[in-house]
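Heads up, the thing below is written out as structure tokens.
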Amino acid sequence: MSPVHGWNVALMTLVLVTLVAIGIRRARHGHTAAVRTLPGIATIERAVATSVAAGRPVFFVPGSRDLDNMQTVAAVALLEPVAAMVAERDGRLVVPTNRSMVMEAARTACRKGYADAGCADAWHDDQVLYISDDPLGFVAQVDGMIVREKPGACFFFGFFASESLLLAEGGRQVGAIQVAGTASPVQLPFFVAACDDTLMGEELFAASASLSGDAALLGSLRGQDLGKMVAVSLLVVGGIAATVATVTGWGFVHDMAGVLDVLLETR
Amino acid sequence: MSGSRFEALQSIDRRWIFLALAVAVIAALVVQPVFRDSPGELVVPIFAAIEALAPGTPVLISLDYSPSSAPELEPMAAALTRHCLIRGLPVTYLSLWPTGNHMAGRIVERVIGPEYPDAVEGREWVTLGFQAGGELLIHALLDSLGSRFAADVRGIPLIEIPALAQVTGLNDYGIVVSLSAGTPGLKEWVLYGGDVGAFPLAGGCTGVGAPQFFPYYPRQLLGLMAALKGAAEYEAALNDDYADRVPRVMQATRGMGPQTVAHLVIVAFILLGNAGLFIGERRKRGRR
Amino acid sequence: MKRPTPQILLTGVALILVVAAFMAPPGDGSSGGFAGAVTYADRHFSSWFGILAVFAFLLGGASLLRTHGRRVRERKADWHYSAVTLVSFLAVLIVGFLKLGGPPGLTGDPTDASSWLTTIFDSVLSPLHATLYSLLAFYVASASYRAFRARSLETSVLLGAALIVLLGRIPVGVTLFRFDSLSLWLLKVPNTAGQRALMIGVALGVVALAVRMVLGLERGRGGDGS
């Protein structure tokens, strides 16, 4: 087999995977991790309760990309506990999707959520709708549904492009409590402006683990944090080394900065 | 003005904002004010890189957008096309988006046809069109265009197209420019194309998408045309160097008029809201 | 731990793709063995996703027909919107399948300039797209008016940055206030720092989610959460 391409990326991947695996293993052996409650998660619970009490449906939009996008996978994973939450309160959940495979995955997640809440009979597959692959066609219909059905809570999780503000302003117009979550940096400001709470970046990937309370899943978050510490350490050491090397011209510091540069460069 | 009126400034009905914006933009479209721009720090490297290519060096433009974002990105494609045709650089159009074939067709119809009637398809430019796969398509094209494109959109085999005579894979292009409205687009070109391959990569993007590409400049992206202003700056660079060979006022420069007015309306409403907040707060404190 | 077939497939394919991303040898994967499997995965798995998506579209199309068909049949509230959806869906489907107006036959290009599908794209879809996308300008204006208020030090900084960028990106702002350099600095330095921090966090989140999926821990994607 030919030599590894991008060996530095492979090495970093291996380190991060190992840290996450260690986190999971330690959690399985009883080393539980304390995880702060994400404000967005608390708002989800409040929004579902308020919406159901008002007799209004709950809308959950799992992004606008297919299942090959990790944000969509994270959104579908989050849908399951949200479906259970709605089912426990005897509410109505509506899940518009814009990819057929996401529709199927969302139906599976909702069925499981309703079954977990002991309400399997209350679930109907038609509550998960396929709308259109076209993002703007999708937005047009979902906004129309929001205006007509006046949901009490709207959740937008996953990857969004220009749909973010169009959807969130639609929900805002009918007075829905809104929570969004995306790892798409350019869409975050729109969600922050139009929603009550927003899960930012990595919080989206941590949300399902946080909601489940499962020790192993929470352990993976611990591993994720260890990875972040490694990244921050490299940034700090690299920044200091590069600065000192430039200011003083010391050879060994220059070499150290060079090693870090090779380790972290992508081209 | 009473205190309640100042407080009302904090909660203007959004329909008034919509109306003000619509009236201002329509007025600007009718009056057509022209604001001249000058090439900025992010656009100059792209222009200079194309200037530095020897005539005959192929250039790839990836049209990763749809009609909805064309008003921002099409002027970039048009300006790049003009520059390449003037310099004698054969252009290849492809797209990661299903709407790409139509977008390429519009460039041919609106720019190449009327402005460069002597340009011949297959020699001065070639449209490979859309192929599914996004980042995986880019990955496959690195080694060979032929692995995913058997022919151009007219059905002519790649081997018979003069514009591709020097091209096997992406590394044979003098520069690759992705004009991107989302995913898959410029980010995928950076991660799976530019970072892995050995060709200079530049980009153009919508205003909304621009902030996410700054981390890639200048190491992974040669330059960036951000939004309509980026396109207008490229047009300004063309006007500076080739005034006799390009239209005096091009699409993006014309579009900057309504855009300027729209920005000013938004700034005015933001200031109104804050004025209401400050005066309201001061009066509240005064009453206490 | 329960290991259903989809989970085994997911884990196996994921591991092959991870190895392929770093170690795929040249060729088309016909050499056989592990190296051949890795190369094959690297070159051809992308096509598999496309094939799966096409078949999944049948499910989506069927769901759309069933949901809206029932609304029309039972004359539910706002059924006429469903009727419009059904007619549009079927009309475009038929025009595309039969390649009306364009080159016929299996190899005929349905997006040819003479085809009805192209006419529909240019005359209906393009203006609809442009209209919906332009709504963003109005929503951005009203959201900016609402969001940018100097209520605290942090929001005042945000407000200042917004005004500088808004004015720095138009010729008037450049001429009157010389905000172009400051606007570019805001985008290149503080913005880039924030974007990079977010990207690092997201990358770590993706790695953690991927590990949970590969190990069958994540709910909803074949894992049982046990």
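Just so we're on the same page: first chain in the structure tokens is A, next is B, and so on; residues restart at 1 for each chain, and ligands are numbered from 1 in the order they show up.
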
Sorted by chain and rising residue number, which residues of chain A lie within 7 Å of chain C, and what are their closest atom pairs and distances in Å to one decimal, counting only C-alpha atoms, as CSV?
residue,atom,partner,partner_atom,distance
A:Met1,CA,C:Pro25,CA,5.9
A:Ser2,CA,C:Pro25,CA,5.5
A:Pro3,CA,C:Met23,CA,6.6
A:Val4,CA,C:Met23,CA,5.0
A:His5,CA,C:Phe22,CA,5.2
A:Gly6,CA,C:Phe22,CA,6.7
A:Ala10,CA,C:Phe22,CA,6.8
A:Val17,CA,C:Val207,CA,6.7
A:Val20,CA,C:Ala208,CA,6.1
A:Met70,CA,C:Val206,CA,6.7
A:Val76,CA,C:Gly220,CA,6.9
A:Ala77,CA,C:Gly220,CA,5.4
A:Glu80,CA,C:Gly220,CA,6.9
A:Ser100,CA,C:Gly60,CA,4.6
A:Met101,CA,C:Ala56,CA,5.7
A:Ala109,CA,C:Gly220,CA,5.3
A:Tyr130,CA,C:Gly60,CA,5.5
A:Ile131,CA,C:Leu64,CA,6.8
A:Leu136,CA,C:His129,CA,6.5
A:Leu166,CA,C:Leu136,CA,6.6
A:Ala183,CA,C:Val202,CA,6.3
A:Pro185,CA,C:Gln195,CA,6.8
A:Ala193,CA,C:Ala147,CA,5.7
A:Ala194,CA,C:Ala143,CA,6.8
A:Gly201,CA,C:Val202,CA,5.2
A:Glu202,CA,C:Val202,CA,4.5
A:Phe205,CA,C:Gly205,CA,5.4
A:Ala206,CA,C:Gly205,CA,7.0
A:Ser220,CA,C:Ala208,CA,6.1
A:Gln224,CA,C:Leu204,CA,5.9
A:Gly227,CA,C:Leu204,CA,6.9

Within 10 Å of region 41-52 of chain B: each region 69-140 of chain B residue with its shortest pair, only C-alpha atoms, as JSON lines:
{"residue": "B:Leu80", "atom": "CA", "partner": "B:Phe47", "partner_atom": "CA", "distance": 8.6}
{"residue": "B:His83", "atom": "CA", "partner": "B:Ile50", "partner_atom": "CA", "distance": 7.8}
{"residue": "B:Cys84", "atom": "CA", "partner": "B:Ile50", "partner_atom": "CA", "distance": 7.4}
{"residue": "B:Arg87", "atom": "CA", "partner": "B:Glu51", "partner_atom": "CA", "distance": 7.5}
{"residue": "B:Leu89", "atom": "CA", "partner": "B:Ile50", "partner_atom": "CA", "distance": 8.7}

Go ahead and dump the residues you just picked, C-alpha atoms, as an mmCIF file, in the first residue's frame.
data_model
loop_
_atom_site.group_PDB
_atom_site.id
_atom_site.type_symbol
_atom_site.label_atom_id
_atom_site.label_comp_id
_atom_site.auth_asym_id
_atom_site.auth_seq_id
_atom_site.Cartn_x
_atom_site.Cartn_y
_atom_site.Cartn_z
ATOM 1 C CA LEU B 80 -13.743 36.136 -15.193
ATOM 2 C CA HIS B 83 -10.751 38.402 -18.609
ATOM 3 C CA CYS B 84 -9.909 34.875 -19.804
ATOM 4 C CA ARG B 87 -6.100 37.002 -22.420
ATOM 5 C CA LEU B 89 -7.069 31.484 -21.793
#

Distance filter 8 Å, only C-alpha atoms, chain B against chain A, as a list in words: Gly182, Gly194, Asp195, Val196, Val208, Gly209, Pro211, Gln212 and Gln220 of chain B

Could you give me, as a list in words, the residues within 8 Å of Gln178 (chain A), counting only C-alpha atoms and dropping anything in the same chain fewer than 5 positions from it?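 Skipping anything fewer than 5 positions along the chain leaves Ala47, Ala153, Cys154, Phe155, Phe156, Ala168, Gly171, Arg172, Cys195, Asp196 and Asp197 of chain A.
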
Got time to write the residues from that selection, N, CA and C atoms, as an mmCIF file, in the first residue's frame?
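Everything below was put into again_30.cif:
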data_model
loop_
_atom_site.group_PDB
_atom_site.id
_atom_site.type_symbol
_atom_site.label_atom_id
_atom_site.label_comp_id
_atom_site.auth_asym_id
_atom_site.auth_seq_id
_atom_site.Cartn_x
_atom_site.Cartn_y
_atom_site.Cartn_z
ATOM 1 N N ALA A 47 -40.499 24.620 25.555
ATOM 2 C CA ALA A 47 -41.275 24.912 24.346
ATOM 3 C C ALA A 47 -42.289 23.811 24.059
ATOM 4 N N ALA A 153 -44.254 25.540 18.941
ATOM 5 C CA ALA A 153 -42.796 25.395 19.050
ATOM 6 C C ALA A 153 -42.237 24.981 17.693
ATOM 7 N N CYS A 154 -41.143 25.610 17.307
ATOM 8 C CA CYS A 154 -40.453 25.233 16.063
ATOM 9 C C CYS A 154 -38.997 24.929 16.392
ATOM 10 N N PHE A 155 -38.539 23.766 15.953
ATOM 11 C CA PHE A 155 -37.142 23.388 16.165
ATOM 12 C C PHE A 155 -36.465 23.227 14.801
ATOM 13 N N PHE A 156 -35.353 23.909 14.639
ATOM 14 C CA PHE A 156 -34.596 23.815 13.384
ATOM 15 C C PHE A 156 -33.200 23.299 13.707
ATOM 16 N N ALA A 168 -37.030 30.665 10.196
ATOM 17 C CA ALA A 168 -37.116 31.179 11.565
ATOM 18 C C ALA A 168 -38.008 32.421 11.644
ATOM 19 N N GLY A 171 -41.627 31.195 11.702
ATOM 20 C CA GLY A 171 -42.035 30.746 13.034
ATOM 21 C C GLY A 171 -42.236 31.904 13.991
ATOM 22 N N ARG A 172 -41.378 32.903 13.857
ATOM 23 C CA ARG A 172 -41.466 34.068 14.744
ATOM 24 C C ARG A 172 -42.774 34.821 14.522
ATOM 25 N N CYS A 195 -34.400 33.289 16.812
ATOM 26 C CA CYS A 195 -34.877 32.202 17.674
ATOM 27 C C CYS A 195 -34.687 32.534 19.154
ATOM 28 N N ASP A 196 -35.397 31.795 20.010
ATOM 29 C CA ASP A 196 -35.278 32.022 21.451
ATOM 30 C C ASP A 196 -33.967 31.464 21.993
ATOM 31 N N ASP A 197 -33.503 30.372 21.415
ATOM 32 C CA ASP A 197 -32.240 29.777 21.843
ATOM 33 C C ASP A 197 -31.590 29.084 20.664
#

Please, which residues of chain B lie no more than 9 Å from chain C when the count uses only C-alpha atoms, and can they be set out as a ChimeraX atom specification? /B:10-15,17-19,21-22,35-37,41,66-71,101-102,105,132-133,136-137,139-140,153,210-217,229,256-257,259-274,277-278

Suppose you want the space between CA of Ala209 (chain A) and CA of Arg89 (chain A); what is it in Å?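 Separation of CA of Ala209 (chain A) and CA of Arg89 (chain A): 21.8 Å.
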